[in-house]
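Shown below: final.cif, with mmCIF, C-alpha atoms.
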data_coords
#
loop_
_atom_site.group_PDB
_atom_site.id
_atom_site.type_symbol
_atom_site.label_atom_id
_atom_site.label_comp_id
_atom_site.auth_asym_id
_atom_site.auth_seq_id
_atom_site.Cartn_x
_atom_site.Cartn_y
_atom_site.Cartn_z
ATOM 1 C CA MET A 1 6.657 32.355 -8.856
ATOM 2 C CA SER A 2 6.391 32.595 -12.605
ATOM 3 C CA VAL A 3 3.406 31.296 -14.524
ATOM 4 C CA GLN A 4 5.537 28.564 -16.061
ATOM 5 C CA LYS A 5 6.840 27.426 -12.645
ATOM 6 C CA GLU A 6 3.300 27.390 -11.244
ATOM 7 C CA ARG A 7 2.107 25.284 -14.183
ATOM 8 C CA LYS A 8 5.007 22.839 -13.741
ATOM 9 C CA ALA A 9 4.270 22.573 -10.029
ATOM 10 C CA ARG A 10 0.580 21.825 -10.753
ATOM 11 C CA GLU A 11 1.550 19.220 -13.363
ATOM 12 C CA ARG A 12 3.958 17.619 -10.908
ATOM 13 C CA ALA A 13 1.267 17.457 -8.224
ATOM 14 C CA VAL A 14 -1.167 15.883 -10.706
ATOM 15 C CA ARG A 15 1.431 13.256 -11.691
ATOM 16 C CA GLU A 16 2.129 12.497 -8.059
ATOM 17 C CA ARG A 17 -1.584 12.025 -7.302
ATOM 18 C CA LEU A 18 -1.858 9.781 -10.372
ATOM 19 C CA ILE A 19 1.031 7.613 -9.187
ATOM 20 C CA VAL A 20 -0.466 7.235 -5.703
ATOM 21 C CA ALA A 21 -3.980 6.560 -7.020
ATOM 22 C CA THR A 22 -2.699 4.002 -9.514
ATOM 23 C CA ALA A 23 -0.571 2.248 -6.879
ATOM 24 C CA ARG A 24 -3.539 2.132 -4.546
ATOM 25 C CA GLU A 25 -5.852 0.799 -7.237
ATOM 26 C CA LEU A 26 -3.372 -1.868 -8.277
ATOM 27 C CA ALA A 27 -2.740 -2.891 -4.656
ATOM 28 C CA GLU A 28 -6.483 -3.128 -3.941
ATOM 29 C CA GLN A 29 -7.000 -5.271 -7.050
ATOM 30 C CA GLN A 30 -3.941 -7.526 -6.937
ATOM 31 C CA GLY A 31 -2.091 -6.917 -3.676
ATOM 32 C CA TRP A 32 1.045 -4.944 -2.908
ATOM 33 C CA ASP A 33 3.318 -7.521 -4.557
ATOM 34 C CA ALA A 34 1.811 -6.465 -7.891
ATOM 35 C CA VAL A 35 2.843 -2.851 -7.341
ATOM 36 C CA THR A 36 6.187 -2.304 -9.033
ATOM 37 C CA THR A 37 7.657 0.847 -10.520
ATOM 38 C CA ARG A 38 7.709 -0.833 -13.915
ATOM 39 C CA ARG A 39 4.034 -1.739 -13.737
ATOM 40 C CA LEU A 40 3.102 1.709 -12.413
ATOM 41 C CA ALA A 41 5.056 3.390 -15.202
ATOM 42 C CA GLU A 42 3.194 1.317 -17.789
ATOM 43 C CA ARG A 43 -0.196 2.060 -16.240
ATOM 44 C CA ILE A 44 0.265 5.811 -15.962
ATOM 45 C CA GLU A 45 2.131 6.010 -19.270
ATOM 46 C CA TYR A 46 5.228 7.714 -17.893
ATOM 47 C CA SER A 47 8.774 6.394 -17.762
ATOM 48 C CA GLN A 48 10.242 4.861 -14.632
ATOM 49 C CA PRO A 49 12.620 7.835 -14.239
ATOM 50 C CA VAL A 50 9.548 10.081 -13.981
ATOM 51 C CA LEU A 51 8.260 7.900 -11.128
ATOM 52 C CA TYR A 52 11.646 8.100 -9.438
ATOM 53 C CA SER A 53 11.559 11.888 -9.730
ATOM 54 C CA HIS A 54 8.518 11.775 -7.406
ATOM 55 C CA PHE A 55 9.278 8.772 -5.182
ATOM 56 C CA ARG A 56 12.567 7.010 -4.464
ATOM 57 C CA GLY A 57 10.836 3.651 -4.696
ATOM 58 C CA LYS A 58 7.928 1.476 -3.675
ATOM 59 C CA ARG A 59 8.471 2.157 0.023
ATOM 60 C CA GLU A 60 7.762 5.873 -0.426
ATOM 61 C CA ILE A 61 4.732 5.093 -2.580
ATOM 62 C CA ILE A 62 3.376 2.862 0.186
ATOM 63 C CA GLY A 63 3.979 5.729 2.613
ATOM 64 C CA ALA A 64 2.062 8.151 0.394
ATOM 65 C CA VAL A 65 -0.865 5.714 0.164
ATOM 66 C CA ALA A 66 -0.767 5.301 3.949
ATOM 67 C CA LEU A 67 -0.901 9.062 4.529
ATOM 68 C CA GLU A 68 -3.822 9.427 2.146
ATOM 69 C CA GLY A 69 -5.566 6.520 3.855
ATOM 70 C CA ALA A 70 -4.971 7.975 7.312
ATOM 71 C CA ALA A 71 -6.749 11.173 6.286
ATOM 72 C CA GLU A 72 -9.661 9.189 4.863
ATOM 73 C CA MET A 73 -9.922 6.995 7.949
ATOM 74 C CA ALA A 74 -9.876 10.037 10.242
ATOM 75 C CA ALA A 75 -12.687 11.624 8.239
ATOM 76 C CA ALA A 76 -14.749 8.405 8.300
ATOM 77 C CA VAL A 77 -14.331 7.957 12.061
ATOM 78 C CA ARG A 78 -15.173 11.585 12.790
ATOM 79 C CA ALA A 79 -18.238 11.521 10.536
ATOM 80 C CA ALA A 80 -19.539 8.348 12.152
ATOM 81 C CA ALA A 81 -19.005 9.659 15.682
ATOM 82 C CA ALA A 82 -20.576 13.024 14.843
ATOM 83 C CA GLY A 83 -23.734 11.277 13.670
ATOM 84 C CA ALA A 84 -24.289 9.481 16.978
ATOM 85 C CA ASP A 85 -25.875 10.698 20.209
ATOM 86 C CA GLY A 86 -24.180 9.965 23.503
ATOM 87 C CA PRO A 87 -20.674 8.749 24.349
ATOM 88 C CA ARG A 88 -21.398 5.013 24.084
ATOM 89 C CA GLU A 89 -23.143 5.442 20.732
ATOM 90 C CA ARG A 90 -20.241 7.555 19.439
ATOM 91 C CA VAL A 91 -17.722 4.894 20.468
ATOM 92 C CA THR A 92 -19.821 2.174 18.820
ATOM 93 C CA ALA A 93 -20.103 4.246 15.636
ATOM 94 C CA LEU A 94 -16.346 4.905 15.710
ATOM 95 C CA ALA A 95 -15.613 1.172 16.054
ATOM 96 C CA HIS A 96 -17.894 0.247 13.170
ATOM 97 C CA ALA A 97 -16.465 3.021 10.974
ATOM 98 C CA TYR A 98 -12.903 1.887 11.698
ATOM 99 C CA LEU A 99 -13.667 -1.761 10.934
ATOM 100 C CA ASP A 100 -15.677 -0.830 7.834
ATOM 101 C CA PHE A 101 -12.769 1.264 6.573
ATOM 102 C CA ALA A 102 -10.344 -1.630 7.107
ATOM 103 C CA GLU A 103 -12.656 -4.014 5.268
ATOM 104 C CA ALA A 104 -13.397 -1.675 2.361
ATOM 105 C CA ASN A 105 -9.743 -0.629 1.884
ATOM 106 C CA PRO A 106 -7.572 -3.663 2.660
ATOM 107 C CA ALA A 107 -4.504 -2.496 0.718
ATOM 108 C CA VAL A 108 -4.659 0.966 2.269
ATOM 109 C CA TYR A 109 -5.085 -0.557 5.719
ATOM 110 C CA GLU A 110 -2.106 -2.797 5.040
ATOM 111 C CA ALA A 111 -0.049 0.232 3.940
ATOM 112 C CA LEU A 112 -1.034 2.053 7.117
ATOM 113 C CA PHE A 113 -0.367 -0.658 9.661
ATOM 114 C CA GLN A 114 1.529 -3.590 8.222
ATOM 115 C CA LEU A 115 3.923 -2.494 5.486
ATOM 116 C CA ASP A 116 7.032 -0.370 5.753
ATOM 117 C CA GLY A 117 6.204 2.944 4.158
ATOM 118 C CA GLY A 118 9.103 4.705 5.836
ATOM 119 C CA LEU A 119 6.772 6.603 8.160
ATOM 120 C CA ALA A 120 7.400 7.372 11.821
ATOM 121 C CA TYR A 121 4.649 6.347 14.223
ATOM 122 C CA ALA A 122 4.222 7.548 17.811
ATOM 123 C CA ARG A 123 7.159 9.950 17.630
ATOM 124 C CA GLU A 124 7.752 13.680 17.383
ATOM 125 C CA ASP A 125 8.329 13.425 13.627
ATOM 126 C CA THR A 126 5.151 11.454 12.935
ATOM 127 C CA PRO A 127 3.480 12.961 9.833
ATOM 128 C CA GLU A 128 0.389 15.064 10.516
ATOM 129 C CA PRO A 129 -2.117 12.737 8.767
ATOM 130 C CA LEU A 130 -1.084 9.911 11.111
ATOM 131 C CA LYS A 131 -1.305 12.167 14.152
ATOM 132 C CA ASP A 132 -4.721 13.341 13.006
ATOM 133 C CA ALA A 133 -5.982 9.765 12.534
ATOM 134 C CA PHE A 134 -5.004 9.016 16.127
ATOM 135 C CA ALA A 135 -6.583 12.301 17.244
ATOM 136 C CA ALA A 136 -9.824 11.278 15.513
ATOM 137 C CA LEU A 137 -9.935 8.208 17.757
ATOM 138 C CA LEU A 138 -8.840 10.139 20.831
ATOM 139 C CA GLU A 139 -11.597 12.750 20.441
ATOM 140 C CA THR A 140 -14.336 10.185 20.914
ATOM 141 C CA LEU A 141 -12.561 7.687 23.148
ATOM 142 C CA GLY A 142 -11.483 10.431 25.529
ATOM 143 C CA GLU A 143 -15.118 10.739 26.562
ATOM 144 C CA VAL A 144 -15.148 7.223 27.979
ATOM 145 C CA ALA A 145 -11.562 6.645 29.137
ATOM 146 C CA GLY A 146 -12.332 7.314 32.773
ATOM 147 C CA ASP A 147 -10.496 9.481 35.258
ATOM 148 C CA ASP A 148 -7.993 6.837 36.335
ATOM 149 C CA VAL A 149 -6.587 6.095 32.841
ATOM 150 C CA PRO A 150 -4.590 8.460 30.630
ATOM 151 C CA THR A 151 -6.684 9.214 27.548
ATOM 152 C CA GLY A 152 -3.850 8.470 25.109
ATOM 153 C CA LEU A 153 -3.138 5.105 26.720
ATOM 154 C CA PHE A 154 -6.821 4.169 26.691
ATOM 155 C CA THR A 155 -7.034 5.151 23.014
ATOM 156 C CA GLU A 156 -4.009 2.985 22.203
ATOM 157 C CA VAL A 157 -5.559 -0.059 23.902
ATOM 158 C CA PHE A 158 -8.938 0.441 22.231
ATOM 159 C CA TRP A 159 -7.237 1.022 18.859
ATOM 160 C CA ALA A 160 -5.129 -2.123 19.325
ATOM 161 C CA SER A 161 -8.320 -4.071 19.965
ATOM 162 C CA LEU A 162 -9.907 -2.680 16.804
ATOM 163 C CA HIS A 163 -6.748 -3.436 14.843
ATOM 164 C CA GLY A 164 -6.780 -7.002 16.117
ATOM 165 C CA LEU A 165 -10.403 -7.420 15.073
ATOM 166 C CA ALA A 166 -9.710 -5.919 11.655
ATOM 167 C CA THR A 167 -6.637 -8.085 11.092
ATOM 168 C CA LEU A 168 -8.224 -11.333 12.278
ATOM 169 C CA THR A 169 -11.389 -10.641 10.306
ATOM 170 C CA ARG A 170 -9.401 -9.986 7.152
ATOM 171 C CA ALA A 171 -7.479 -13.236 7.667
ATOM 172 C CA ARG A 172 -10.814 -15.046 8.094
ATOM 173 C CA ARG A 173 -9.888 -16.182 11.594
ATOM 174 C CA LEU A 174 -13.170 -14.989 13.129
ATOM 175 C CA LEU A 175 -16.752 -16.023 12.444
ATOM 176 C CA PRO A 176 -18.338 -13.302 10.301
ATOM 177 C CA GLN A 177 -21.755 -13.644 11.925
ATOM 178 C CA ASP A 178 -20.321 -12.491 15.281
ATOM 179 C CA ALA A 179 -18.862 -9.188 14.014
ATOM 180 C CA ALA A 180 -21.515 -6.934 15.575
ATOM 181 C CA GLN A 181 -21.364 -8.801 18.891
ATOM 182 C CA ARG A 182 -17.593 -8.307 19.032
ATOM 183 C CA VAL A 183 -17.996 -4.549 18.716
ATOM 184 C CA GLU A 184 -20.700 -4.510 21.393
ATOM 185 C CA LEU A 185 -18.505 -6.555 23.733
ATOM 186 C CA LEU A 186 -15.504 -4.303 23.114
ATOM 187 C CA VAL A 187 -17.533 -1.174 23.771
ATOM 188 C CA ASP A 188 -19.232 -2.673 26.854
ATOM 189 C CA ARG A 189 -15.986 -3.867 28.455
ATOM 190 C CA LEU A 190 -13.538 -1.152 27.474
ATOM 191 C CA ALA A 191 -15.677 1.915 27.012
ATOM 192 C CA ALA A 192 -18.375 1.622 29.624
ATOM 193 C CA ALA A 193 -19.479 5.231 29.936
#
Write-out of the structure in structure tokens:
Amino acid sequence: MSVQKERKARERAVRERLIVATARELAEQQGWDAVTTRRLAERIEYSQPVLYSHFRGKREIIGAVALEGAAEMAAAVRAAAAGADGPRERVTALAHAYLDFAEANPAVYEALFQLDGGLAYAREDTPEPLKDAFAALLETLGEVAGDDVPTGLFTEVFWASLHGLATLTRARRLLPQDAAQRVELLVDRLAAA
């Protein structure tokens, strides 16, 4: 590849990261309804056609934010679990890390699990960052699934429980003072190692 082509490729990658970061920032500040190609173009000081040369529309931008968020969530869950001793402690740390991520990044969490970003979930063509986020849960939860339950199925049920807690907490449907007790109950009942 020529020097000029390499430079153009780097510049394109930088622009793409800027678009995704700006969309994420705007969504975290004002919600996903505020994220429009027109507004993004104004914020990053590029024309709308430049945005469309990277993404076909908002749906693909949401998907890019979701993939970035999946990688971050996987790293947070793995780091939390790695810092704990024993299976039960790792599962508790994983649960807290997951819920903390959802709380700290509501727009990213929404892009991952509630909005249509055009991404395939639980299929052969699922993008690697999504597969890796699930694998990050599976690594720790596999320790406590038990012999009579398939590890993937157990991980799905535990994940669904965490997702429910995250979603209901965000919607202010649960008492905030009981957050730690909910995690303890979930770990005690589902992940009794």
Spatial neighbours of Glu184 in chain A, 10 Å, only C-alpha atoms, chain gap at least 6 places, as an MDAnalysis selection string
chainID A and resid 88 91:92 95:96 190:191
Selection to disk with C-alpha atoms, as a compact mmCIF listing (two decimals), keeping the file's coordinate frame:
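File produced: result-v2.txt:
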# COMPACT_ATOMS: atom_id res chain seq x y z
CA ARG A 88 -21.40 5.01 24.08
CA VAL A 91 -17.72 4.89 20.47
CA THR A 92 -19.82 2.17 18.82
CA ALA A 95 -15.61 1.17 16.05
CA HIS A 96 -17.89 0.25 13.17
CA LEU A 190 -13.54 -1.15 27.47
CA ALA A 191 -15.68 1.92 27.01
When distances are computed from only C-alpha atoms, which of A:Gly57, A:Pro106, A:Pro150, A:Pro49 shows the smallest separation from Thr36 in chain A?
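Ranked by minimum distance to Thr36 in chain A, first place goes to A:Gly57.
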CA of Val108 in chain A and CA of Ala27 in chain A, how far apart in Å?
8.2 Å
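Picked by the PyMOL selection byres ((chain A and resi 170) around 12) from the coordinates shown: Leu99, Asp100, Phe101, Ala102, Glu103, Ala104, Asn105, Pro106, Ala107, Tyr109, Glu110, His163, Gly164, Leu165, Ala166, Thr167, Leu168, Thr169, Ala171, Arg172, Arg173, Leu174, Leu175, Pro176 and Ala179 of chain A.
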Using the chain letters and numbers from this file, what does the PyMOL selection byres ((chain A and resi 75-82) around 7) select? Give the answer as a VMD selection string.
chain A and resid 71 to 74 83 to 84 90 to 91 93 to 94 97 to 98 136
May I ask which of the residues A:Ala180, A:Glu45, A:Thr37, A:Leu67 is the closest one to Ala120 in chain A, counting only C-alpha atoms?
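Ranked by minimum distance to Ala120 in chain A, first place goes to A:Leu67.
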For the structure provided, state which residues fall under the PyMOL selection byres ((chain A and resi 117) around 12), and present them as a PyMOL selection string.
chain A and resi 32+55-67+108-116+118-121+127
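Here CA of Arg43 in chain A stands at a distance of 28.5 Å from CA of Leu130 in chain A.
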Work out where the centre of an axis-aligned box around every listed atom of range 28-34 of chain A lies and how long its edges are once 3 Å is added on each side; give both in Å to one decimal as AutoDock Vina command-line options.
--center_x -1.8 --center_y -5.3 --center_z -5.4 --size_x 16.3 --size_y 10.4 --size_z 11.0
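Across the structure, CA of Asp85 in chain A and CA of Thr140 in chain A are spaced 11.6 Å apart.
Proximity ranking of A:Ile44, A:Val50, A:Val187, A:Ala9 relative to Ala23 in chain A places A:Ile44 first, based on only C-alpha atoms.
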Taking the point (-0.3, 12.2, 15.3) as given in the file, collect each protein or nucleic acid residue that comes within 9 Å of it, counting only C-alpha atoms, and present the set as a PDB file with C-alpha atoms, keeping the file's coordinate frame.
ATOM      1  CA  TYR A 121       4.649   6.347  14.223  1.00  0.00           C
ATOM      2  CA  ALA A 122       4.222   7.548  17.811  1.00  0.00           C
ATOM      3  CA  ARG A 123       7.159   9.950  17.630  1.00  0.00           C
ATOM      4  CA  GLU A 124       7.752  13.680  17.383  1.00  0.00           C
ATOM      5  CA  ASP A 125       8.329  13.425  13.627  1.00  0.00           C
ATOM      6  CA  THR A 126       5.151  11.454  12.935  1.00  0.00           C
ATOM      7  CA  PRO A 127       3.480  12.961   9.833  1.00  0.00           C
ATOM      8  CA  GLU A 128       0.389  15.064  10.516  1.00  0.00           C
ATOM      9  CA  PRO A 129      -2.117  12.737   8.767  1.00  0.00           C
ATOM     10  CA  LEU A 130      -1.084   9.911  11.111  1.00  0.00           C
ATOM     11  CA  LYS A 131      -1.305  12.167  14.152  1.00  0.00           C
ATOM     12  CA  ASP A 132      -4.721  13.341  13.006  1.00  0.00           C
ATOM     13  CA  ALA A 133      -5.982   9.765  12.534  1.00  0.00           C
ATOM     14  CA  PHE A 134      -5.004   9.016  16.127  1.00  0.00           C
ATOM     15  CA  ALA A 135      -6.583  12.301  17.244  1.00  0.00           C
TER      16      ALA A 135
END
Quick one: range 60-75 of chain A with N, CA, C and O atoms, as a short mmCIF file (atom, residue, chain, number, x, y, z; two decimals), in the coordinates of the input?
data_model
loop_
_atom_site.label_atom_id
_atom_site.label_comp_id
_atom_site.auth_asym_id
_atom_site.auth_seq_id
_atom_site.Cartn_x
_atom_site.Cartn_y
_atom_site.Cartn_z
N GLU A 60 8.33 4.52 -0.53
CA GLU A 60 7.76 5.87 -0.43
C GLU A 60 6.35 5.94 -1.00
O GLU A 60 5.52 6.72 -0.53
N ILE A 61 6.09 5.14 -2.01
CA ILE A 61 4.73 5.09 -2.58
C ILE A 61 3.78 4.51 -1.55
O ILE A 61 2.67 5.02 -1.35
N ILE A 62 4.19 3.45 -0.88
CA ILE A 62 3.38 2.86 0.19
C ILE A 62 3.12 3.91 1.26
O ILE A 62 1.99 4.05 1.75
N GLY A 63 4.14 4.67 1.62
CA GLY A 63 3.98 5.73 2.61
C GLY A 63 2.98 6.78 2.17
O GLY A 63 2.15 7.24 2.97
N ALA A 64 3.01 7.16 0.92
CA ALA A 64 2.06 8.15 0.39
C ALA A 64 0.63 7.61 0.43
O ALA A 64 -0.31 8.34 0.78
N VAL A 65 0.46 6.34 0.09
CA VAL A 65 -0.86 5.71 0.16
C VAL A 65 -1.33 5.68 1.61
O VAL A 65 -2.49 5.95 1.91
N ALA A 66 -0.42 5.35 2.53
CA ALA A 66 -0.77 5.30 3.95
C ALA A 66 -1.22 6.67 4.46
O ALA A 66 -2.22 6.76 5.18
N LEU A 67 -0.52 7.72 4.08
CA LEU A 67 -0.90 9.06 4.53
C LEU A 67 -2.27 9.47 3.99
O LEU A 67 -3.08 10.05 4.71
N GLU A 68 -2.51 9.15 2.73
CA GLU A 68 -3.82 9.43 2.15
C GLU A 68 -4.91 8.63 2.88
O GLU A 68 -5.97 9.14 3.20
N GLY A 69 -4.61 7.37 3.14
CA GLY A 69 -5.57 6.52 3.86
C GLY A 69 -5.83 6.99 5.27
O GLY A 69 -6.96 6.92 5.76
N ALA A 70 -4.79 7.47 5.95
CA ALA A 70 -4.97 7.98 7.31
C ALA A 70 -5.95 9.14 7.34
O ALA A 70 -6.81 9.22 8.21
N ALA A 71 -5.82 10.03 6.37
CA ALA A 71 -6.75 11.17 6.29
C ALA A 71 -8.17 10.71 6.03
O ALA A 71 -9.12 11.22 6.63
N GLU A 72 -8.33 9.72 5.16
CA GLU A 72 -9.66 9.19 4.86
C GLU A 72 -10.26 8.48 6.07
O GLU A 72 -11.45 8.63 6.36
N MET A 73 -9.43 7.70 6.77
CA MET A 73 -9.92 7.00 7.95
C MET A 73 -10.33 7.98 9.03
O MET A 73 -11.37 7.82 9.67
N ALA A 74 -9.54 9.02 9.24
CA ALA A 74 -9.88 10.04 10.24
C ALA A 74 -11.22 10.69 9.91
O ALA A 74 -12.06 10.87 10.79
N ALA A 75 -11.43 11.00 8.65
CA ALA A 75 -12.69 11.62 8.24
C ALA A 75 -13.86 10.67 8.46
O ALA A 75 -14.93 11.09 8.93
#
